[in-house]
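Novice: This is the content of query_15.cif (mmCIF, C-alpha atoms):
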data_input
loop_
_atom_site.label_atom_id
_atom_site.label_comp_id
_atom_site.auth_asym_id
_atom_site.auth_seq_id
_atom_site.Cartn_x
_atom_site.Cartn_y
_atom_site.Cartn_z
CA MET A 1 19.77 13.41 -17.86
CA LYS A 2 18.17 10.83 -15.60
CA THR A 3 14.40 10.45 -15.64
CA THR A 4 12.38 10.16 -12.44
CA GLU A 5 11.98 6.42 -13.05
CA ASP A 6 15.74 5.92 -13.53
CA LYS A 7 16.42 7.74 -10.27
CA ASP A 8 13.89 5.56 -8.47
CA ILE A 9 15.55 2.41 -9.80
CA LEU A 10 19.00 3.69 -8.79
CA LEU A 11 17.71 4.30 -5.29
CA VAL A 12 16.09 0.86 -5.19
CA ASN A 13 19.42 -0.70 -6.24
CA ARG A 14 21.23 1.15 -3.44
CA ILE A 15 18.63 0.02 -0.88
CA LEU A 16 18.94 -3.58 -2.03
CA ARG A 17 22.71 -3.33 -1.60
CA GLY A 18 22.01 -2.59 2.08
CA GLU A 19 22.05 1.23 2.05
CA THR A 20 18.98 1.78 4.21
CA PRO A 21 19.46 5.63 4.23
CA ALA A 22 18.71 5.61 0.48
CA TYR A 23 15.18 4.63 1.46
CA ARG A 24 14.82 8.01 3.18
CA GLU A 25 15.36 9.67 -0.18
CA LEU A 26 12.85 7.37 -1.87
CA VAL A 27 10.27 8.12 0.85
CA ASN A 28 10.83 11.87 0.50
CA ARG A 29 10.35 11.64 -3.26
CA HIS A 30 6.97 9.88 -3.06
CA LYS A 31 5.50 10.69 0.35
CA ASP A 32 3.22 13.52 -0.83
CA TYR A 33 1.66 11.44 -3.60
CA ALA A 34 1.36 8.43 -1.32
CA PHE A 35 -0.28 10.49 1.39
CA THR A 36 -2.64 12.22 -1.07
CA ILE A 37 -3.86 8.93 -2.55
CA ALA A 38 -4.44 7.51 0.94
CA TYR A 39 -6.13 10.72 2.10
CA ARG A 40 -8.49 10.79 -0.89
CA ILE A 41 -9.57 7.22 -0.14
CA LEU A 42 -9.81 7.57 3.66
CA ASN A 43 -10.84 11.23 4.11
CA ASN A 44 -8.96 11.38 7.39
CA ARG A 45 -5.43 12.69 7.86
CA GLU A 46 -4.44 10.35 10.70
CA ASP A 47 -5.68 7.26 8.89
CA ALA A 48 -4.08 8.42 5.65
CA GLU A 49 -0.76 8.92 7.41
CA GLU A 50 -1.01 5.45 8.94
CA ALA A 51 -1.87 3.92 5.55
CA ALA A 52 0.94 5.73 3.73
CA GLN A 53 3.51 4.80 6.38
CA ASP A 54 2.30 1.22 6.35
CA ALA A 55 2.62 1.18 2.55
CA PHE A 56 6.21 2.43 2.71
CA VAL A 57 7.13 -0.22 5.28
CA ARG A 58 5.42 -2.94 3.21
CA ALA A 59 7.22 -1.69 0.10
CA PHE A 60 10.58 -1.81 1.90
CA ASN A 61 10.01 -5.42 2.90
CA ALA A 62 8.80 -6.38 -0.56
CA LEU A 63 11.55 -4.50 -2.41
CA PRO A 64 13.58 -7.67 -3.20
CA ASN A 65 10.52 -8.92 -5.15
CA PHE A 66 10.14 -5.69 -7.14
CA ASN A 67 10.76 -6.18 -10.85
CA ARG A 68 13.22 -3.42 -11.67
CA GLU A 69 12.20 -3.48 -15.33
CA SER A 70 8.89 -1.83 -14.41
CA LYS A 71 8.09 1.59 -12.96
CA PHE A 72 8.52 1.91 -9.21
CA THR A 73 5.46 4.17 -8.86
CA THR A 74 3.17 1.72 -10.67
CA TRP A 75 4.18 -1.01 -8.22
CA PHE A 76 4.16 1.28 -5.20
CA TYR A 77 0.76 2.94 -5.84
CA ARG A 78 -0.82 -0.50 -5.85
CA ILE A 79 0.62 -1.07 -2.36
CA ILE A 80 -0.73 2.30 -1.15
CA ILE A 81 -4.21 1.67 -2.52
CA ASN A 82 -4.28 -1.76 -0.86
CA ALA A 83 -3.01 -0.33 2.45
CA ALA A 84 -5.66 2.43 2.38
CA LEU A 85 -8.45 0.01 1.50
CA THR A 86 -7.34 -2.35 4.30
CA ILE A 87 -7.53 0.48 6.85
CA GLN A 88 -10.87 1.58 5.45
CA GLN A 89 -12.27 -1.92 5.79
CA LYS A 90 -10.96 -2.05 9.36
CA LYS A 91 -12.40 1.25 10.44
CA LYS A 92 -15.42 1.48 8.12
CA ILE A 93 -15.11 5.23 7.93
CA ALA A 94 -18.38 7.02 7.46
CA THR A 95 -18.46 9.63 4.70
CA GLU A 96 -18.72 13.19 5.90
CA ASN A 97 -22.15 14.79 5.93
CA ILE A 98 -22.83 17.23 3.13
CA ASP A 99 -24.24 19.73 5.66
CA ASN A 100 -20.80 20.00 7.27
CA ALA A 101 -19.45 20.98 3.88
CA HIS A 102 -21.80 23.93 3.70
CA SER A 103 -20.92 25.26 7.12
CA GLU A 104 -17.19 24.89 6.32
CA ALA A 105 -17.71 26.71 3.02
CA HIS A 106 -19.23 29.65 4.88
CA ILE A 107 -16.17 29.80 7.15
CA LEU A 108 -13.94 29.90 4.05
CA ARG A 109 -15.51 33.15 2.93
CA GLY A 110 -13.85 35.28 5.60
CA GLY A 111 -11.99 38.29 4.02
CA ASP A 112 -10.34 37.27 0.75
CA SER A 113 -10.12 38.70 -2.76
CA THR A 114 -12.96 37.68 -5.09
CA GLU A 115 -10.74 35.72 -7.48
CA ASN A 116 -8.89 33.94 -4.69
CA LEU A 117 -12.14 33.21 -2.95
CA LYS A 118 -13.66 31.77 -6.10
CA ARG A 119 -10.64 29.53 -6.66
CA LYS A 120 -10.59 28.45 -3.01
CA GLU A 121 -14.28 27.69 -3.07
CA GLN A 122 -14.02 25.70 -6.31
CA ARG A 123 -11.19 23.65 -4.85
CA PHE A 124 -13.08 23.23 -1.63
CA TYR A 125 -16.20 21.94 -3.37
CA ILE A 126 -14.15 19.48 -5.44
CA HIS A 127 -12.54 18.15 -2.28
CA GLN A 128 -15.93 17.85 -0.60
CA ALA A 129 -17.44 16.19 -3.67
CA LEU A 130 -14.55 13.71 -3.83
CA LYS A 131 -15.31 12.77 -0.24
CA GLN A 132 -18.82 11.73 -1.32
CA LEU A 133 -17.56 9.31 -3.96
CA MET A 134 -16.80 5.61 -3.58
CA PRO A 135 -13.12 4.68 -3.03
CA ASP A 136 -13.02 3.09 -6.48
CA ASP A 137 -14.11 6.34 -8.16
CA VAL A 138 -11.73 8.45 -6.07
CA THR A 139 -8.83 6.13 -6.90
CA MET A 140 -9.48 6.50 -10.64
CA ILE A 141 -9.74 10.29 -10.48
CA THR A 142 -6.75 10.67 -8.17
CA LEU A 143 -4.46 8.47 -10.27
CA PHE A 144 -5.56 10.08 -13.54
CA TYR A 145 -5.25 13.69 -12.44
CA LEU A 146 -2.72 13.75 -9.64
CA LYS A 147 0.31 12.40 -11.40
CA GLU A 148 -1.33 12.19 -14.80
CA GLN A 149 -0.93 8.44 -15.05
CA SER A 150 -1.90 7.02 -18.43
CA LEU A 151 -4.88 4.67 -18.73
CA ASP A 152 -2.45 1.78 -19.27
CA GLU A 153 -0.50 2.65 -16.11
CA ILE A 154 -3.69 2.94 -14.06
CA ALA A 155 -4.77 -0.42 -15.47
CA GLU A 156 -1.49 -1.95 -14.27
CA ILE A 157 -1.82 -0.33 -10.82
CA VAL A 158 -5.38 -1.46 -10.15
CA GLY A 159 -5.08 -4.73 -12.06
CA ILE A 160 -7.82 -4.27 -14.66
CA GLU A 161 -8.01 -3.71 -18.42
CA ALA A 162 -7.25 -0.23 -19.81
CA ASN A 163 -10.70 -0.10 -21.45
CA THR A 164 -12.34 -0.84 -18.11
CA VAL A 165 -10.27 1.96 -16.56
CA LYS A 166 -11.60 4.34 -19.21
CA VAL A 167 -15.20 3.37 -18.46
CA LYS A 168 -14.64 3.57 -14.69
CA LEU A 169 -12.97 6.97 -15.02
CA HIS A 170 -15.83 8.24 -17.13
CA ARG A 171 -18.38 7.04 -14.56
CA ALA A 172 -16.35 8.50 -11.70
CA ARG A 173 -16.19 11.93 -13.33
CA LYS A 174 -19.90 11.77 -14.12
CA ARG A 175 -20.69 10.99 -10.49
CA LEU A 176 -18.35 13.75 -9.34
CA ALA A 177 -20.10 16.25 -11.61
CA GLU A 178 -23.48 15.11 -10.25
CA VAL A 179 -22.36 15.42 -6.62
CA MET A 180 -20.92 18.88 -7.29
CA GLN A 181 -24.12 19.97 -9.00
CA SER A 182 -26.27 18.81 -6.09
CA MET A 183 -23.91 20.47 -3.59
CA LEU A 184 -23.94 23.78 -5.43
CA LYS A 185 -27.70 23.56 -5.91
CA SER A 186 -28.36 23.13 -2.19
CA GLU A 187 -25.76 25.81 -1.45
CA THR A 188 -27.60 28.29 -3.70
CA GLN A 189 -30.88 27.35 -2.04
CA SER A 190 -29.37 27.93 1.40
CA LEU A 191 -28.18 31.39 0.33
CA LEU A 192 -31.62 32.45 -0.94
CA MET B 1 -27.79 17.42 -35.20
CA GLU B 2 -27.21 14.40 -33.01
CA ARG B 3 -25.27 15.15 -29.83
CA LEU B 4 -22.15 13.39 -28.67
CA SER B 5 -22.45 11.01 -25.77
CA GLU B 6 -20.93 12.02 -22.42
CA GLU B 7 -18.16 9.49 -22.94
CA GLN B 8 -17.31 11.02 -26.31
CA MET B 9 -17.29 14.48 -24.70
CA TRP B 10 -14.77 13.26 -22.14
CA ASP B 11 -12.73 11.72 -24.96
CA VAL B 12 -12.58 15.19 -26.56
CA ILE B 13 -11.44 16.69 -23.24
CA ASP B 14 -8.83 13.94 -22.68
CA GLY B 15 -7.55 14.29 -26.25
CA LEU B 16 -8.59 10.75 -27.12
CA ALA B 17 -11.40 11.56 -29.60
CA THR B 18 -11.24 10.34 -33.19
CA PRO B 19 -11.07 13.01 -35.96
CA ASP B 20 -14.75 12.33 -36.84
CA VAL B 21 -15.91 12.87 -33.27
CA LEU B 22 -13.75 15.99 -32.98
CA GLN B 23 -15.25 17.45 -36.14
CA LYS B 24 -18.77 16.74 -34.92
CA HIS B 25 -17.91 18.29 -31.57
CA ASN B 26 -16.66 21.52 -33.20
CA GLN B 27 -19.86 21.79 -35.25
CA LEU B 28 -22.02 21.19 -32.18
CA LEU B 29 -20.21 23.93 -30.28
CA LEU B 30 -21.26 26.37 -33.01
CA VAL B 31 -24.91 25.35 -33.40
CA ASP B 32 -26.03 23.87 -30.05
CA PRO B 33 -25.81 26.24 -27.04
CA GLU B 34 -27.05 23.53 -24.65
CA TYR B 35 -24.32 21.15 -25.80
CA LYS B 36 -21.77 23.97 -25.48
CA ALA B 37 -22.87 24.66 -21.89
CA GLU B 38 -22.66 20.98 -20.96
CA TYR B 39 -19.26 20.59 -22.58
CA GLN B 40 -17.95 23.71 -20.85
CA GLN B 41 -19.16 22.40 -17.50
CA TYR B 42 -17.11 19.21 -17.99
CA ALA B 43 -14.12 21.12 -19.32
CA VAL B 44 -14.11 23.38 -16.24
CA LEU B 45 -14.35 20.36 -13.95
CA ASP B 46 -11.43 18.78 -15.83
CA GLN B 47 -9.35 21.94 -15.41
CA GLN B 48 -10.14 22.08 -11.71
CA LEU B 49 -9.21 18.45 -11.26
CA HIS B 50 -5.87 19.11 -12.98
CA LYS B 51 -5.25 21.90 -10.47
CA LEU B 52 -5.87 19.69 -7.43
CA ASP B 53 -3.20 20.22 -4.81
CA LEU B 54 -1.13 17.52 -3.23
CA GLU B 55 -1.79 16.86 0.43
CA VAL B 56 1.27 17.12 2.65
CA PRO B 57 1.84 14.61 5.46
CA SER B 58 3.25 15.52 8.87
CA MET B 59 6.86 16.72 9.27
CA ARG B 60 7.77 13.48 11.06
CA PHE B 61 6.44 11.28 8.26
CA THR B 62 9.78 10.19 6.77
CA GLU B 63 11.36 9.73 10.20
CA ASN B 64 8.43 7.57 11.31
CA VAL B 65 8.78 5.36 8.22
CA ILE B 66 12.54 4.99 8.69
CA ASP B 67 12.07 4.22 12.41
CA ASN B 68 9.51 1.54 11.53
CA VAL B 69 11.78 0.05 8.89
CA LEU B 70 14.76 -0.03 11.27
CA ASN B 71 12.62 -1.58 14.03
CA ILE B 72 11.45 -4.30 11.71
CA LYS B 73 15.03 -4.94 10.59
CA LYS B 74 16.08 -5.27 14.24
CA GLN B 75 13.18 -7.53 15.12
CA ALA B 76 13.63 -9.73 12.05
CA PRO B 77 14.10 -13.22 13.50
CA LYS B 78 17.60 -14.55 12.96
CA LYS B 79 17.77 -18.18 12.03
CA ASP B 80 17.05 -20.20 15.16
CA TRP B 81 19.24 -23.31 15.18
CA THR B 82 17.83 -24.77 18.44
CA PRO B 83 15.15 -26.99 16.83
CA ALA B 84 17.65 -28.22 14.24
CA ILE B 85 20.21 -29.11 16.94
CA TYR B 86 17.55 -30.80 19.05
CA LEU B 87 16.20 -32.78 16.10
CA SER B 88 19.65 -33.91 14.95
CA ALA B 89 20.53 -34.96 18.52
CA MET B 90 17.33 -36.98 18.70
CA LEU B 91 18.07 -38.45 15.29
CA VAL B 92 21.54 -39.56 16.40
CA LEU B 93 20.05 -41.07 19.54
CA TYR B 94 17.37 -42.84 17.52
CA ALA B 95 20.00 -44.24 15.13
CA LEU B 96 22.07 -45.46 18.09
CA LEU B 97 19.02 -47.15 19.59
CA ILE B 98 18.19 -48.90 16.32
CA LYS B 99 21.81 -50.02 15.98
CA ALA B 100 21.87 -51.32 19.55
CA PHE B 101 18.58 -53.20 19.10
CA SER B 102 19.65 -54.75 15.82
CA ALA B 103 22.94 -55.84 17.43
CA ALA B 104 20.98 -57.38 20.29
CA GLY B 105 18.63 -59.05 17.79
CA THR B 106 21.46 -60.70 15.85
CA SER B 107 23.15 -62.03 19.03
CA SER B 108 20.12 -64.15 19.82
CA ASN B 109 17.76 -65.83 17.35
CA THR B 110 14.89 -66.41 19.76
CA PRO B 111 12.26 -63.67 19.90
CA GLU B 112 11.90 -64.12 23.70
CA ALA B 113 15.51 -63.02 24.18
CA ILE B 114 14.91 -59.52 22.75
CA PRO B 115 13.09 -58.03 25.78
CA ASP B 116 15.97 -59.05 28.06
CA ASN B 117 18.48 -57.44 25.74
CA MET B 118 16.30 -54.37 25.49
CA MET B 119 16.12 -54.09 29.26
CA SER B 120 19.85 -54.46 29.63
CA PHE B 121 20.41 -51.83 26.93
CA LEU B 122 17.96 -49.38 28.54
CA ALA B 123 19.62 -49.93 31.90
CA SER B 124 23.10 -49.51 30.46
CA PRO B 125 25.12 -46.46 31.55
CA PHE B 126 25.81 -45.72 27.85
CA LEU B 127 22.21 -44.65 27.22
CA LEU B 128 21.96 -42.79 30.49
CA TYR B 129 25.19 -40.82 29.90
CA GLY B 130 24.12 -40.12 26.32
CA PHE B 131 20.85 -38.58 27.49
CA ILE B 132 22.58 -36.60 30.23
CA ILE B 133 25.21 -35.18 27.85
CA ILE B 134 22.62 -34.21 25.21
CA ASN B 135 20.41 -32.55 27.83
CA ILE B 136 23.34 -30.65 29.34
CA ILE B 137 24.36 -29.36 25.88
CA LEU B 138 20.77 -28.32 25.12
CA PHE B 139 20.51 -26.68 28.54
CA PHE B 140 23.64 -24.57 27.90
CA ILE B 141 22.45 -23.60 24.41
CA LEU B 142 19.09 -22.45 25.77
CA LEU B 143 20.72 -20.68 28.74
CA ASP B 144 23.01 -18.78 26.40
CA LYS B 145 20.32 -17.92 23.88
CA LYS B 146 17.44 -16.99 26.16
CA ILE B 147 19.15 -15.51 29.23
CA LEU B 148 22.85 -14.70 28.84
CA LYS B 149 22.78 -13.19 25.33
CA PRO B 150 19.74 -10.89 25.93
CA PHE B 151 21.26 -9.86 29.30
CA PHE B 152 24.64 -8.87 27.84
CA ASP B 153 23.03 -7.27 24.76
CA LYS B 154 21.04 -5.01 27.11
CA LYS B 155 24.18 -4.17 29.09
CA VAL B 156 26.09 -3.20 25.94
CA LYS B 157 23.26 -0.79 24.92
#
Rewrite the structure from the file as C-alpha cells, please.

Specialist:
Amino acid sequence: MKTTEDKDILLVNRILRGETPAYRELVNRHKDYAFTIAYRILNNREDAEEAAQDAFVRAFNALPNFNRESKFTTWFYRIIINAALTIQQKKKIATENIDNAHSEAHILRGGDSTENLKRKEQRFYIHQALKQLMPDDVTMITLFYLKEQSLDEIAEIVGIEANTVKVKLHRARKRLAEVMQSMLKSETQSLL
Amino acid sequence: MERLSEEQMWDVIDGLATPDVLQKHNQLLLVDPEYKAEYQQYAVLDQQLHKLDLEVPSMRFTENVIDNVLNIKKQAPKKDWTPAIYLSAMLVLYALLIKAFSAAGTSSNTPEAIPDNMMSFLASPFLLYGFIIINIILFFILLDKKILKPFFDKKVK
C-alpha cells in the first residue's frame, strides 16, 4: 500500500513529466491544510485564499528544484508559511478586537443542545484565542496539532532546531492558555 | 513535594516525559489538587487543539490555482533570439571592418595614408550594402515577431 508521501512523490513525478492535470490532484490533496495554515496566520479568508493559491503557484514553478527524497508537505508548508507572512507584511492586518469575540459568542448561543453548544463554544474560544497570538506562535500550534507534524518535521519546515521548536511550542501553548483564561474571565464578568 | 515545571507538564501531555518525570507527575496528581487542576486545564486545552477543524477554501480554489498555473505557463517567455542575431550581425560587421582596415594598413606603410583608405572603405558600396542587408533582415525578423505572429495567433484563437 502506498503511503501519502509516496503518492505525493508519484504525482510530483507525473507533473515534472509534463502532466499538468496531475497538479490538480496534488492541489486537491493539500488545499485544506494549506488554506488552514494561511487562515490561522492571516485571520482573513480572502487573504488566506490568496496566500494559499500563491503558495501553490510558487510550488508549481519551484517543483523542478524539489528534492524528491524529502517529504513534499515539509517543503510545501514552508512555502505556504512564507506566502502568508509576505501577505501579512504587505497588508499589516490588525488583530481582531476581543470585544467582537464576545458579541459573536453570544450569537453562537442561539438554540442548540447543551453538549453541542459547549463544544461549539470551546472551539470558538480556541479560534478567537488563536487570533490573538503572534504568527510565530500560531504557526507552531497549527503545524503541531493540525497534521500532527513531529518536532523534527516542524524544525525542517520553519528552519530552526528541534529543541527550539519545543521551546517555542511550549511558549505558544502557554500564551494560548493565558489568552483563553483572560477571555473566559471577561466573558464570565460580562455575564454577571 | 516539588511541582513539575510547565514545560515538564507539557512533556507529559505530549508523551515526551522521562520515566522519572512521569512517576513524579503521577504522585503529584494524587497528593496535590492544585497541580491536578493545572494539569487538567492543559490536558483539556491539548485535547481541544487536537480536535481543531480544518478550514475549507472556496469551491473554485483548485480551478483558480490551475488557471494561474496555466496562465503563467502561457506567459513564460520563450527564448528571444533577436538580441543574439543582432549581436552576431554586429560582430560579423565589426570583424569585416577590422579586416578591411588591416588590409588597408598593410597596403601602405605611411600612417597618413590610413585616413584616405578609411574614407574610401566607408564610402564603398560594400559597407553600404552590408548595412542595408542586415537592417532589412532585422526589420523582417522584428515585423514577424512583433506584428505578424501576434496577429495570426489571435486570429487562430

Novice: Could you tell me which of A:Leu169, A:Gln149, A:Gly159, A:Ile126 comes closest to Met183 of chain A if we count all atoms listed in the file?

Specialist: A:Ile126

Novice: Taking all atoms listed in the file into account, produce a table as JSON lines in which each residue of chain A with an atom at most 7 Å from an atom of chain B appears once, together with its shortest atom pair and the distance in Å to one decimal, ordered by chain and rising number.

Specialist:
{"residue": "A:Arg24", "atom": "CA", "partner": "B:Thr62", "partner_atom": "CA", "distance": 6.6}
{"residue": "A:Val27", "atom": "CA", "partner": "B:Thr62", "partner_atom": "CA", "distance": 6.3}
{"residue": "A:Asn28", "atom": "CA", "partner": "B:Thr62", "partner_atom": "CA", "distance": 6.6}
{"residue": "A:Asp32", "atom": "CA", "partner": "B:Val56", "partner_atom": "CA", "distance": 5.4}
{"residue": "A:Tyr33", "atom": "CA", "partner": "B:Leu54", "partner_atom": "CA", "distance": 6.7}
{"residue": "A:Phe35", "atom": "CA", "partner": "B:Pro57", "partner_atom": "CA", "distance": 6.2}
{"residue": "A:Thr36", "atom": "CA", "partner": "B:Glu55", "partner_atom": "CA", "distance": 4.9}
{"residue": "A:Glu49", "atom": "CA", "partner": "B:Pro57", "partner_atom": "CA", "distance": 6.6}
{"residue": "A:Gln53", "atom": "CA", "partner": "B:Val65", "partner_atom": "CA", "distance": 5.6}
{"residue": "A:Phe56", "atom": "CA", "partner": "B:Val65", "partner_atom": "CA", "distance": 6.7}
{"residue": "A:Val57", "atom": "CA", "partner": "B:Val69", "partner_atom": "CA", "distance": 5.9}
{"residue": "A:Tyr145", "atom": "CA", "partner": "B:His50", "partner_atom": "CA", "distance": 5.5}
{"residue": "A:His170", "atom": "CA", "partner": "B:Glu7", "partner_atom": "CA", "distance": 6.4}

Novice: Just want the 12 Å neighbourhood of Leu28 of chain B, counted on only C-alpha atoms, with same-chain residues fewer than 5 positions away dropped. Output as a list of chain:residue names.

Specialist: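 Within the cut-off, the hits are B:Met1, B:Glu2, B:Arg3, B:Leu4, B:Met9, B:Val21, B:Leu22, B:Gln23, B:Pro33, B:Glu34, B:Tyr35, B:Lys36, B:Ala37, B:Glu38, B:Tyr39.
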
Novice: Name the residues captured by the PyMOL selection byres ((chain B and resi 132-143) around 10) when it is applied to the shown file; answer as a PyMOL selection string.

Specialist: chain B and resi 81-82+85-86+89-90+93+126-131+144-149

Novice: I need the output of the PyMOL selection byres ((chain A and resi 78) around 12) for this file as a ChimeraX atom specification; which residues are they?

Specialist: /A:34,37-38,52,55-56,58-59,71-77,79-85,139,143,153-160

Novice: Pull the neighbourhood of (-22.5, 19.7, -10.9) for me: all residues within 12 Å in file coordinates, counting all atoms listed in the file, as a list in words.

Specialist: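 Residues satisfying the cut-off, written out: Gln122, Tyr125, Ile126, Ala129, Arg173, Lys174, Arg175, Leu176, Ala177, Glu178, Val179, Met180, Gln181, Ser182, Met183, Leu184, Lys185, Ser186 and Glu187 of chain A; Glu38, Gln40, Gln41, Tyr42, Ala43, Val44 and Leu45 of chain B.
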
Novice: Could you please determine the separation between atom CA of Asn44 of chain A and atom CA of Lys131 of chain A in Å, to one decimal place?

Specialist: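 Between atom CA of Asn44 of chain A and atom CA of Lys131 of chain A the gap is 10.0 Å.
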